[in-house]
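Below is one structure, written out as structure tokens; the observations come after it.
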Amino acid sequence: MAKFYRKEDFEKLMVKVEKIDYRVKEYLENVVYVKWSRVHATINRGRMMTSNIAECINGCLVEARQLPILEFLEEARILLDSCHCKNREIFSYTKEILGRRFEKILIIASKSSRMKVVPSFEFMFSVYESGRRYIVCLERKICNCGRFQLDEIPRAHEIAVLKSKNVIEMHPNYSDYYKPDALAKIYEVPMISMPDKED
């Protein structure tokens, strides 16, 4: 349910959960959908639905957990500072238009040749895939599958439309969020070192 793009799909699964155990549904409602459901999120979370970074940091700090709190915090700061510095360096010289992960999305989605595209208006299109119809609006960058507006990057339906219009360059249709400049800005502010514990 966390990964769904459409509320209808989310609700169908929630009905199944309730049939299995209504307490689980109540628990999930109390946690508040906005905190864990992509379709209910009030902000774009950049497609990341994982705790891998937290697990990675946690794994690196196993030995540091035995230290007193100030030493532990210093070890955590050193780890995060070195990662921050390394990422800043990588993004300062990267020339990729999209990050590798997002280029893969475009490549996979570009294999959308089996879809039928029917124009409705200048920016409105119906896309038929496996017996289903999806409505794509290029001007507002939305699709009723929910992916285009939530991920802010063209997916299969949008790419099928763009191909039908003989658009070769897909990059103008994705959010600035995925461009190298935006990624570099994450790391442009340096992390400030903590003073010595004696100070």
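Letters A, B, ... mark the chains of the structure tokens in the order given; residue numbers begin at 1 per chain; ligand numbers begin at 1, in order shown.
Near Thr42 in chain A, within 12 Å and counting only C-alpha atoms, sit Val32, Tyr33, Val34, Lys35, Trp36, Ser37, Arg38 and Leu150 of chain A; same-chain residues fewer than 4 positions away were not included.
Among the candidates A:Lys12, A:Leu80, A:Asn30, A:Lys25, the one nearest to Ile53 in chain A when counting only C-alpha atoms is A:Leu80.
Residues surrounding range 115-129 of chain A within 12 Å are Ala109, Ser110, Lys111, Ser112, Arg132, Arg133, Tyr134, Ile135, Val136, Cys137, Leu138, Glu139, Arg140, Lys141, Ile142, Cys143, Asn144, Cys145, Ala156, His157, Glu158, Ile159, Ala160, Val161, Leu162, Lys163, Ser164 and Lys165 of chain A [only C-alpha atoms; sequence separation below 3 positions excluded].
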What does the file look like for those residues with N, CA, C and O atoms, as a short mmCIF file (atom, residue, chain, number, x, y, z; two decimals), in the first residue's frame?
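Final file, result16.cif:
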```cif
data_model
loop_
_atom_site.label_atom_id
_atom_site.label_comp_id
_atom_site.auth_asym_id
_atom_site.auth_seq_id
_atom_site.Cartn_x
_atom_site.Cartn_y
_atom_site.Cartn_z
N ALA A 109 10.83 2.68 -19.29
CA ALA A 109 9.54 3.22 -19.71
C ALA A 109 9.49 3.45 -21.21
O ALA A 109 8.41 3.41 -21.81
N SER A 110 10.64 3.67 -21.84
CA SER A 110 10.64 3.95 -23.27
C SER A 110 10.27 2.72 -24.09
O SER A 110 10.00 2.81 -25.27
N LYS A 111 10.21 1.57 -23.46
CA LYS A 111 9.79 0.35 -24.14
C LYS A 111 8.26 0.27 -24.11
O LYS A 111 7.68 -0.74 -23.79
N SER A 112 7.63 1.38 -24.47
CA SER A 112 6.18 1.50 -24.38
C SER A 112 5.54 1.46 -25.76
O SER A 112 4.51 2.06 -25.98
N ARG A 132 -6.80 -1.21 -20.81
CA ARG A 132 -7.12 -0.07 -19.93
C ARG A 132 -6.80 1.23 -20.63
O ARG A 132 -5.88 1.31 -21.43
N ARG A 133 -7.56 2.26 -20.27
CA ARG A 133 -7.32 3.58 -20.84
C ARG A 133 -6.78 4.50 -19.75
O ARG A 133 -7.30 4.57 -18.65
N TYR A 134 -5.72 5.20 -20.09
CA TYR A 134 -5.12 6.18 -19.20
C TYR A 134 -5.19 7.54 -19.87
O TYR A 134 -4.99 7.65 -21.08
N ILE A 135 -5.47 8.56 -19.09
CA ILE A 135 -5.55 9.92 -19.61
C ILE A 135 -4.28 10.67 -19.21
O ILE A 135 -3.94 10.74 -18.03
N VAL A 136 -3.60 11.21 -20.21
CA VAL A 136 -2.35 11.94 -19.99
C VAL A 136 -2.54 13.38 -20.42
O VAL A 136 -3.02 13.64 -21.52
N CYS A 137 -2.15 14.31 -19.56
CA CYS A 137 -2.14 15.73 -19.90
C CYS A 137 -0.69 16.21 -19.79
O CYS A 137 -0.15 16.31 -18.69
N LEU A 138 -0.09 16.47 -20.94
CA LEU A 138 1.32 16.91 -20.94
C LEU A 138 1.48 18.31 -20.38
O LEU A 138 2.49 18.59 -19.73
N GLU A 139 0.49 19.18 -20.59
CA GLU A 139 0.60 20.55 -20.11
C GLU A 139 0.68 20.59 -18.58
O GLU A 139 1.51 21.29 -18.01
N ARG A 140 -0.18 19.82 -17.91
CA ARG A 140 -0.21 19.81 -16.45
C ARG A 140 0.69 18.72 -15.86
O ARG A 140 0.81 18.59 -14.65
N LYS A 141 1.27 17.90 -16.74
CA LYS A 141 2.15 16.80 -16.34
C LYS A 141 1.46 15.85 -15.36
O LYS A 141 1.95 15.59 -14.25
N ILE A 142 0.29 15.35 -15.80
CA ILE A 142 -0.44 14.39 -14.99
C ILE A 142 -0.92 13.22 -15.84
O ILE A 142 -1.08 13.33 -17.05
N CYS A 143 -1.09 12.10 -15.18
CA CYS A 143 -1.65 10.89 -15.78
C CYS A 143 -2.53 10.26 -14.71
O CYS A 143 -2.18 10.29 -13.53
N ASN A 144 -3.66 9.68 -15.12
CA ASN A 144 -4.53 9.12 -14.08
C ASN A 144 -3.99 7.83 -13.48
O ASN A 144 -4.58 7.30 -12.54
N CYS A 145 -2.83 7.35 -13.94
CA CYS A 145 -2.18 6.23 -13.25
C CYS A 145 -1.49 6.75 -11.98
O CYS A 145 -1.17 5.99 -11.07
N ALA A 156 5.85 5.24 -18.62
CA ALA A 156 5.49 4.58 -19.88
C ALA A 156 4.39 5.30 -20.66
O ALA A 156 4.51 5.50 -21.86
N HIS A 157 3.32 5.71 -19.99
CA HIS A 157 2.20 6.35 -20.70
C HIS A 157 2.62 7.69 -21.31
O HIS A 157 2.28 8.01 -22.45
N GLU A 158 3.37 8.47 -20.55
CA GLU A 158 3.81 9.77 -21.04
C GLU A 158 4.83 9.61 -22.18
O GLU A 158 4.79 10.35 -23.16
N ILE A 159 5.70 8.64 -22.04
CA ILE A 159 6.70 8.40 -23.09
C ILE A 159 6.02 7.93 -24.37
O ILE A 159 6.40 8.34 -25.47
N ALA A 160 4.97 7.12 -24.24
CA ALA A 160 4.22 6.70 -25.43
C ALA A 160 3.62 7.91 -26.14
O ALA A 160 3.67 8.01 -27.37
N VAL A 161 3.09 8.85 -25.35
CA VAL A 161 2.52 10.08 -25.93
C VAL A 161 3.62 10.90 -26.60
O VAL A 161 3.47 11.36 -27.74
N LEU A 162 4.72 11.10 -25.91
CA LEU A 162 5.82 11.89 -26.46
C LEU A 162 6.37 11.27 -27.74
O LEU A 162 6.66 11.97 -28.71
N LYS A 163 6.47 9.95 -27.75
CA LYS A 163 6.93 9.26 -28.97
C LYS A 163 5.94 9.47 -30.11
O LYS A 163 6.34 9.65 -31.26
N SER A 164 4.64 9.43 -29.79
CA SER A 164 3.62 9.62 -30.83
C SER A 164 3.70 11.03 -31.42
O SER A 164 3.29 11.26 -32.54
N LYS A 165 4.25 11.98 -30.65
CA LYS A 165 4.43 13.35 -31.12
C LYS A 165 5.84 13.55 -31.71
O LYS A 165 6.25 14.67 -31.95
#
```
Taking the DSSP secondary structure from the backbone, can you list the residues of range 3-162 of chain A that are helix (DSSP H, G or I), as a ChimeraX atom specification? /A:7-20,22-31,33-35,52-60,63-66,69-93,100-109,147-151,156-162
CA of Met170 in chain A to CA of Arg114 in chain A measures 18.5 Å
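Across range 131-199 of chain A, DSSP run on the backbone finds strand (DSSP E) at Arg132, Arg133, Tyr134, Ile135, Val136, Cys137, Ile142 and Cys143 of chain A.
You can rank A:Ile153, A:Leu73, A:Cys85, A:Ile57 by their closest distance to Asp176 in chain A using only C-alpha atoms, and at the top of that list sits A:Ile153.
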